[in-house]
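Asker: One structure, pasted below without further comment.
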Amino acid sequence: MYQEKSMVNLETKENHELFNHVDSIIKESWAKISPFWPLKNLIAVNPMQGLENLPIEEALVEGAVFFEQKEFPKPMALINRQTIKWLQAFFDEGQATIGMPLRKNGLYNAWKKLAYFDKQIHGGDCKKKQWLLGLSKSPETAITACLLKLNIPKESQSIFMTLMLTTLPGWASHIKYRTHWTEGESLHPHPISAVDYIAVRLIITSLLWEEAAELIQWHKKAKELQIKKISPIKVIEKNETDYLLPLLNKLDDQKTGESTISDAQIVFCIDVRSEPFRRALEGQGQYETFGFAGFFGIPVRIKNSITAEIYSSCPVLLKPQHTVNESPFSSQICAQDHQGYQKLNTLKALYQSLKYNFTTSFALVELLGFAAGFWMALRSLTPMLAIKYRRSITESIRPNVAVSPLLENIAFSDQCAFAESALSAIGLTKKFSPLILFCGHGSATQNNAYATALDCGACGGQHGASNARILAKILNTRKVREHLNQAGIIIPKATYFLAAEHNTTTDEVEIYDTDTHDIAVEKNIQQLKDDLKAAGNLNNQQRSKEMGFNADKNKSAKHTKLRSIDWAQVRPEWGLARNASFIVAPREMTKNIDLEGRAFLHSYDYHQDLDGKILTLILTAPMVVAQWINSQYLFSTLDNVAYGAGSKITKNITGKIGIMQGNASDLMSGLPLQSVYRSDKEAYHETVRLMTIVYAPSGFIDKIIEKQTVLQKLFRNGWVLLISVDPENTNHHYFLDRDLTWKKRKKS
Amino acid sequence: MSFNSMIAMFHVDMLSIIMISLVSFIGIVVCFFSSRYMKGDALYRQFFIHILILLIAVMLITIADNLMLFLSAWCCCNLILARLMVHKSTWKAAKASGRLASRNFMLGFSFMILAFAILYKATGSLSIQYIVHNSNDYWATLMALILLLMGAMTQSAIWPFHRWLISSLNSPTPISALMHAGIVNGGGFLLARFAPLYFSVPKTLNIIFIVGLTGALLGSLWKLMQHDVKRMLACSTMGQMGFMFVQFGLGFFASGLAHLFCHGLFKAYLFLASGSAAQEKRLDLGYPPDLISFLCALACGALGSYIFAIINHKHWLRLDTSLIMIGIVFIAGAQLALTVLRAASVKKFLLAMITTAAMATLYGANVYFFDLILSPLALIQPQPLTILHVIALIMLSLSWLFILFFKSSKNKDDLSNWFIGPYVKALNSSQPHPDTITSYRKEYEYVSGKIHG
């Protein structure tokens with residue numbers, strides 16, 4: 001990140017120390033900023049991630065001081081506007097046709113050259129222009145020069161730089177994503193480093209506001225005022241108690257019994273939207289369902305062999321180890337599909353070539369005016385018809401073809417390891433049904449800038465079908481099964497693994513029945529398909545009710561479908577709103593309870609986890625992801641402007657990467673108003689922290705927490721609540737206190 | 001007031017009908033769209049009531065013959081629009097957008113009052129139809145026409161009255177759609193209403209042409225430079241309005257109205273669909289093209305422009321202002337062919353010809369259709385070609401070639417150094433008014449009061 005440093009001539013020891021100092025305060029200032037992913041894969045993040053090392057009560061105050069301020073020293077507005085202007089230009093991923101020049105030199109060096117010509121920044125003042133010209137090629141040196149020019153005392157430099165970032169927090173978050181979270185991706189053509197941005201921001205500030213040191217005083221005052229304000233923590237705590245105690249009571253009534261072999265076992269993502277669907281499906285027949293992270297433990301990059309598009313399909317905390325090609329079955333279909341893809345691209349190119357040029361765009365509007373009018377009316381008045389037409393047109397050019405993963409890039413030993421760890425993680429190591437379905441998920445919405453926020457977080461904001469297909473294919477491989485046999489996992493010969501994808505917007509489940517299998521299971525598959533459909537209809541009715549639409553099954557199904565395909569819809573589905581708890585337990589413990597789609601369910605059998613390895617993984621990976629999601633919903637609801645994205649009604653997509661409000665603004669990180677509010681005034685999401693309930697003895701959990709600093713941080717600072725329900729001792733619940741000791745509470 | 005004198009205040013012709021169909025069509029679509037899009041909004045009901053008033057006002061404008069009625073409806077329409085643009089007055093930036101637009105509208109309104117006063121003084125009539133056919137005082141007419149042009153320029157955001165439009169994106173999306181498809185067209189309508197007078201003083205047409213061309217080129221340039229989807233659309237509207245003025249200035253009012261109509265539909269669609277901007281992947285169009293494909297493309301363009309000319313009973317290369325219209329079809333045709341020809345083969349050449357021919361036929365038929373239905377109004381009178389028009393045609397062609405040949409990634413870096421200064425200048429000049437930018441995050445206040453879930 002700091003390669004530039006080597007180019008600088010470090011002559012004196014003093015200089016060297018200065019650089020170390022600058023380096024360390026740059027690091028310190030970025031620590032407060034949480035990353036924010038671009039629209040192509042919106043990952044839920046805690047907007048207070050940079051403050052997680054504080055107890056939540058203090059973090060709330062600190063967050064308010066940094067992110068919720070309404071009054072600023074006046075010159076900051078000007079500085080912000082100029083910063084936004086250039087960041088919009090630099091981070092444009094394909095909106096502008098005539099883009100910012102020199103971007104391949106990186107933000108600092110490109111901008112420095114352009115800034116010399118920017119009258120809005122130097123006002124044509126020759127002295128300022130000379131100063132700009134004289135700035136070093138190294139951003140660190142420029143930072144030092146700015147701090148000197150602004151007379152920032154050494155002890156305040158760290159806070160001053162932090163304020164430079166937190167006064168435009170959304171853009172800073174995007175930069176944090178680019179500088180700290182894109183290592184696994186291919187090299188970006190427009191490089192940016194954490195130092196680059198601070199240098200640019202400081203130079204703009206130096207030129208536009210000589211007395212910028214006043215910002216430090218302003219911050220101190222804001223801090224004093226904030227301490228007197230009422231903290232929202234009381235409301236949050238009350239919401240938690242109101243939710244948690246009745247839930248624990250219900251959980252106590254459940255009993256585990258000897259289970260028989262079911263007709264099919266279906267593995268869903270832990271996503272809260274799986275829960276009501278699982279319950280609906282279990283009601284349809286002899287089905288056993290499981291909850292597992294939606295990437296099914298397969299950390300891969302997926303490459304489409306036709307479009308050559310490539311993306312990581314795993315949690316952002318992991319680095320994908322393999323690239324798996326997805327391609328149609330035969331080379332003939334492959335060629336056909338490629339041709340269809342080319343045809344579609346040519347049509348798009350015809351449109352874009354007229355649109356993004358001088359003169360030709362005048363002809364374009366007359367060519368497409370009537371068609372656009374017709375299409376717009378159709379989409380607004382009868383969305384169902386519009387979607388039908390569009391599908392039949394695109395399908396006539398490029399028919400849908402099934403794809404299958406090519407496993408050649410995953411070594412056999414890795415395949416076996418993936419298979420074994422996936423099955424043991426959810427305790428599915430015996431009593432296999434004849435049919436086992438891995439069900440990933442994804443959403444289906446129209447004209448929705450936030451579409452990927454509704455997709456699978458465990459797959460890095462992508463659809464989960466690809467991972468499911470890979471795991472099913474691995475487990476259908478005879479050699480892999482032989483290997484599992486040796487490890488003690490004996491899968492009957494007749495058992496067949498299938499992949500599927502749950503559409504979380506419509507509750508339709510598409511099954512990818514691609515491998516060869518016995519004719520005997522054909523009947524089971526058909527039965528399962530019917531039951532999935534029935535479960536979907538049942539859940540449609542439930543979700544329609546949540547949307548304020550009470551009707552019978554048929555109407556509800558239609559209503560749900562309509563929301564999914566309507567280009568004017570701002571609430572196509574509720575996503576993970578109202579999420580509250582993370583339950584790590586065998587499914588029997590929750591099977592008969594209506595959890596209202598508010599619980600992440602991870603299957604776990606403590607008896608199969610003697611060394612605690614599985615629970616460690618669950619608590620440090622899926623639970624952390626759940627906490628990110630929970631915090632994003634919590635803070636987006638608490639203050640939708642400071643931590644959320646504001647209303648969808650006035651949103652404006654910039655650079656294809658993010659949202660601004662109106663003409664221009666901070667990059668609006670977080671969830672939009674419509675994702676967490678029923679209306680302008682009424683919240684839909686309930687502000688609670690993640691409540692983790694683990695079916696394991698408290699002493700057993702202690703051993704895990706002892707070794708994991710992440711968990712200590714989250715529990716000690718109150719970001720997550722932990723409750724242990726001991727399967728052996730049935731009289732008490734154990735609540736983990738902030739000092740990491742357990743408090744007994746008698747079951748009622 | 002008697003019934004007859006009431007009736008006399010109105011005049012309905014094909015121009016009114018075209019405008020009413022456009023505005024009511026877009027109005028209905030926008031209302032259907034908004035009925036879902038605005039759900040949950042605290043001002044939901046008020047929003048629709050305002051849209052309804054706005055639509056009525058626009059319709060009144062299009063059928064009003066009485067100057068006073070015309071002015072009142074015009075004023076009402078713009079006031080309501082400014083209100084709709086702000087929507088939530090708690091948001092400072094939106095309020096500033098509204099203020100900026102209001103100021104611009106007031107300015108335009110004063111131009112119009114002045115123009116109307118002069119015309120009234122010259123003819124003694126309040127009837128627009130009477131005035132346009134009976135205004136004989138040359139200087140008074142000239143004065144009035146220039147003032148009306150300025151009024152039209154403010155309404156259609158022609159440079160230098162464009163700032164309100166590119167600062168208007170704090171509006172709810174459906175309002176932007178309505179505005180860019182309906183209200184900005186007011187300027188075009190105004191000019192078309194007074195077209196007979198403009199024909200009577202042909203010099204004014206050249207002025208319209210020049211301001212239109214400036215707007216068209218500047219709008220196009222800014223559009224290509226914008227980084228957010230909505231400002232790109234706004235700058236594009238500015239350019240398209242400029243092009244409409246260009247057509248007016250050429251003496252082709254009917255074609256200008258065709259453009260107004262089609263652009264309205266197209267731009268409304270693009271605004272409503274702007275939520276998908278991130279999903280649109282920009283394709284590599286293979287610039288710069290090699291010489292052979294470029295020459296083939298030019299041949300296709302020639303074919304296209306020939307077809308267009310035939311459909312519209314124009315001579316292909318007659319030396320009047322129709323040449324510019326044909327020139328634009330030629331450029332568009334060549335561009336389309338070029339995209340088809342990217343792989344350069346004979347088989348593709350045929351396909352390119354067919355594509356271009358189809359485009360020219362569609363384009364020609366579209367213009368022909370509007371010419372036909374507007375023919376009773378005699379809105380087409382080609383003007384003699386002057387050096388001005390030739391320069392314009394050269395500028396339109398060169399700007400097209402610039403994107404084709406010079407913006408390509410290969411030689412961009414050599415160009416960079418002379419390119420930087422003008423680039424920064426153009427970027428800065430296309431920024432919205434500073435007060436209309438939300439400089440701090442918390443300044444965005446769309447929901448009043450803080451609610452806890």
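Going through the structure tokens in order, the chains are called A, B, and so on, while each chain numbers its residues from 1 and the ligands are numbered from 1 in the order shown.
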Identify, on the basis of only C-alpha atoms, every residue whose closest approach to range 129-140 of chain B does not exceed 7 Å; exclude the query and any residue fewer than 6 positions from it along the same chain; express the result as a PyMOL selection string.
Answerer: chain B and resi 65+118-119+122-123+194+196-197
Asker: At a cut-off of 6 Å, using only C-alpha atoms, what residues contact Leu404 in chain B? Leave out same-chain residues fewer than 2 positions from it and give the result as a list in words.
Answerer: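 Using only C-alpha atoms, the neighbours found are Tyr287, Pro288, Leu401 and Phe402 of chain B.
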Asker: Hey, which of B:Gly333, B:Gly242, B:Gly40, B:Gly188 ends up closest to Leu673 in chain A? Count only C-alpha atoms.
Answerer: B:Gly40
Asker: Considering only C-alpha atoms, return as a ChimeraX atom specification whatever protein or nucleic-acid residues lie within 9 Å of Leu281 in chain A, sequence-local ones (same chain, fewer than 3 positions apart) excluded.
Answerer: /A:276-278,284-285,287,289,531-536,538
Asker: Restricted to N, CA and C atoms, what would the selected residues look like written as a tab-separated table (two decimals), in the first residue's frame?
Answerer:
chain	number	residue	atom	x	y	z
A	276	PRO	N	-38.77	-19.13	7.68
A	276	PRO	CA	-40.20	-19.38	7.43
A	276	PRO	C	-40.41	-20.37	6.29
A	277	PHE	N	-39.51	-20.34	5.31
A	277	PHE	CA	-39.66	-21.26	4.18
A	277	PHE	C	-39.41	-22.70	4.61
A	278	ARG	N	-38.40	-22.88	5.46
A	278	ARG	CA	-38.11	-24.22	5.95
A	278	ARG	C	-39.30	-24.78	6.72
A	284	GLN	N	-44.97	-29.90	4.71
A	284	GLN	CA	-45.51	-30.55	3.52
A	284	GLN	C	-45.26	-32.06	3.50
A	285	GLY	N	-44.32	-32.54	4.30
A	285	GLY	CA	-44.03	-33.98	4.23
A	285	GLY	C	-42.88	-34.35	5.15
A	287	TYR	N	-39.73	-34.10	5.68
A	287	TYR	CA	-38.52	-33.42	5.27
A	287	TYR	C	-37.71	-32.98	6.47
A	289	THR	N	-34.68	-30.37	7.47
A	289	THR	CA	-33.93	-29.25	6.91
A	289	THR	C	-32.76	-28.87	7.80
A	531	ASP	N	-43.84	-30.15	-3.45
A	531	ASP	CA	-43.91	-29.67	-2.07
A	531	ASP	C	-43.23	-28.32	-1.91
A	532	LEU	N	-42.14	-28.11	-2.64
A	532	LEU	CA	-41.47	-26.81	-2.59
A	532	LEU	C	-42.41	-25.72	-3.09
A	533	LYS	N	-43.18	-26.10	-4.12
A	533	LYS	CA	-44.12	-25.13	-4.68
A	533	LYS	C	-45.20	-24.80	-3.66
A	534	ALA	N	-45.71	-25.83	-3.02
A	534	ALA	CA	-46.75	-25.62	-2.00
A	534	ALA	C	-46.21	-24.78	-0.85
A	535	ALA	N	-44.97	-25.09	-0.44
A	535	ALA	CA	-44.36	-24.33	0.65
A	535	ALA	C	-44.20	-22.87	0.25
A	536	GLY	N	-43.82	-22.67	-1.00
A	536	GLY	CA	-43.66	-21.31	-1.50
A	536	GLY	C	-44.96	-20.53	-1.43
A	538	LEU	N	-47.46	-21.07	0.49
A	538	LEU	CA	-47.81	-20.83	1.89
A	538	LEU	C	-47.04	-19.62	2.42
Asker: I need the helix (DSSP H, G or I) residues of range 335-404 of chain B per DSSP on the backbone, written as a PyMOL selection string.
Answerer: chain B and resi 335-343+346-377+387-404
Asker: Next, the residues of the selection above should be written as a short mmCIF file (atom, residue, chain, number, x, y, z; two decimals), in the first residue's frame with C-alpha atoms.
Answerer:
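This is the output file again03.cif:
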data_model
loop_
_atom_site.label_atom_id
_atom_site.label_comp_id
_atom_site.auth_asym_id
_atom_site.auth_seq_id
_atom_site.Cartn_x
_atom_site.Cartn_y
_atom_site.Cartn_z
CA GLN B 335 -22.14 5.14 -36.69
CA LEU B 336 -24.62 2.27 -36.68
CA ALA B 337 -22.90 0.62 -39.64
CA LEU B 338 -19.57 0.98 -37.91
CA THR B 339 -20.82 -0.93 -34.89
CA VAL B 340 -22.07 -3.75 -37.11
CA LEU B 341 -18.84 -3.74 -39.11
CA ARG B 342 -16.55 -4.10 -36.14
CA ALA B 343 -15.24 -7.41 -37.49
CA VAL B 346 -18.38 -8.53 -46.72
CA LYS B 347 -21.23 -10.44 -45.14
CA LYS B 348 -21.34 -7.89 -42.40
CA PHE B 349 -21.28 -5.08 -44.92
CA LEU B 350 -24.64 -6.27 -46.18
CA LEU B 351 -25.94 -6.47 -42.63
CA ALA B 352 -24.64 -2.98 -41.95
CA MET B 353 -26.42 -1.66 -45.03
CA ILE B 354 -29.65 -3.29 -43.94
CA THR B 355 -29.33 -1.94 -40.40
CA THR B 356 -28.64 1.56 -41.61
CA ALA B 357 -31.46 1.41 -44.15
CA ALA B 358 -33.88 0.22 -41.49
CA MET B 359 -32.76 3.00 -39.18
CA ALA B 360 -33.16 5.63 -41.89
CA THR B 361 -36.60 4.33 -42.80
CA LEU B 362 -37.74 4.42 -39.20
CA TYR B 363 -36.29 7.85 -38.64
CA GLY B 364 -37.68 9.16 -41.93
CA ALA B 365 -41.13 7.72 -41.28
CA ASN B 366 -41.16 9.25 -37.84
CA VAL B 367 -40.35 12.72 -39.15
CA TYR B 368 -42.73 12.24 -42.05
CA PHE B 369 -45.54 11.33 -39.70
CA PHE B 370 -45.16 14.54 -37.74
CA ASP B 371 -44.73 16.61 -40.91
CA LEU B 372 -47.94 15.12 -42.18
CA ILE B 373 -50.12 15.71 -39.15
CA LEU B 374 -48.71 19.19 -38.66
CA SER B 375 -48.94 20.16 -42.34
CA PRO B 376 -52.01 22.42 -41.88
CA LEU B 377 -49.88 24.65 -39.71
CA ILE B 387 -21.85 29.72 -44.09
CA LEU B 388 -23.24 29.45 -40.56
CA HIS B 389 -24.93 26.18 -41.40
CA VAL B 390 -21.84 24.80 -43.03
CA ILE B 391 -19.79 25.59 -39.94
CA ALA B 392 -22.40 23.92 -37.79
CA LEU B 393 -22.34 20.80 -39.91
CA ILE B 394 -18.57 20.67 -39.65
CA MET B 395 -18.75 21.05 -35.89
CA LEU B 396 -21.34 18.28 -35.57
CA SER B 397 -19.19 15.96 -37.69
CA LEU B 398 -15.92 16.78 -35.97
CA SER B 399 -17.32 16.25 -32.50
CA TRP B 400 -18.59 12.84 -33.64
CA LEU B 401 -15.20 11.95 -35.09
CA PHE B 402 -13.51 13.10 -31.90
CA ILE B 403 -15.15 10.33 -29.90
CA LEU B 404 -14.50 7.85 -32.67
#
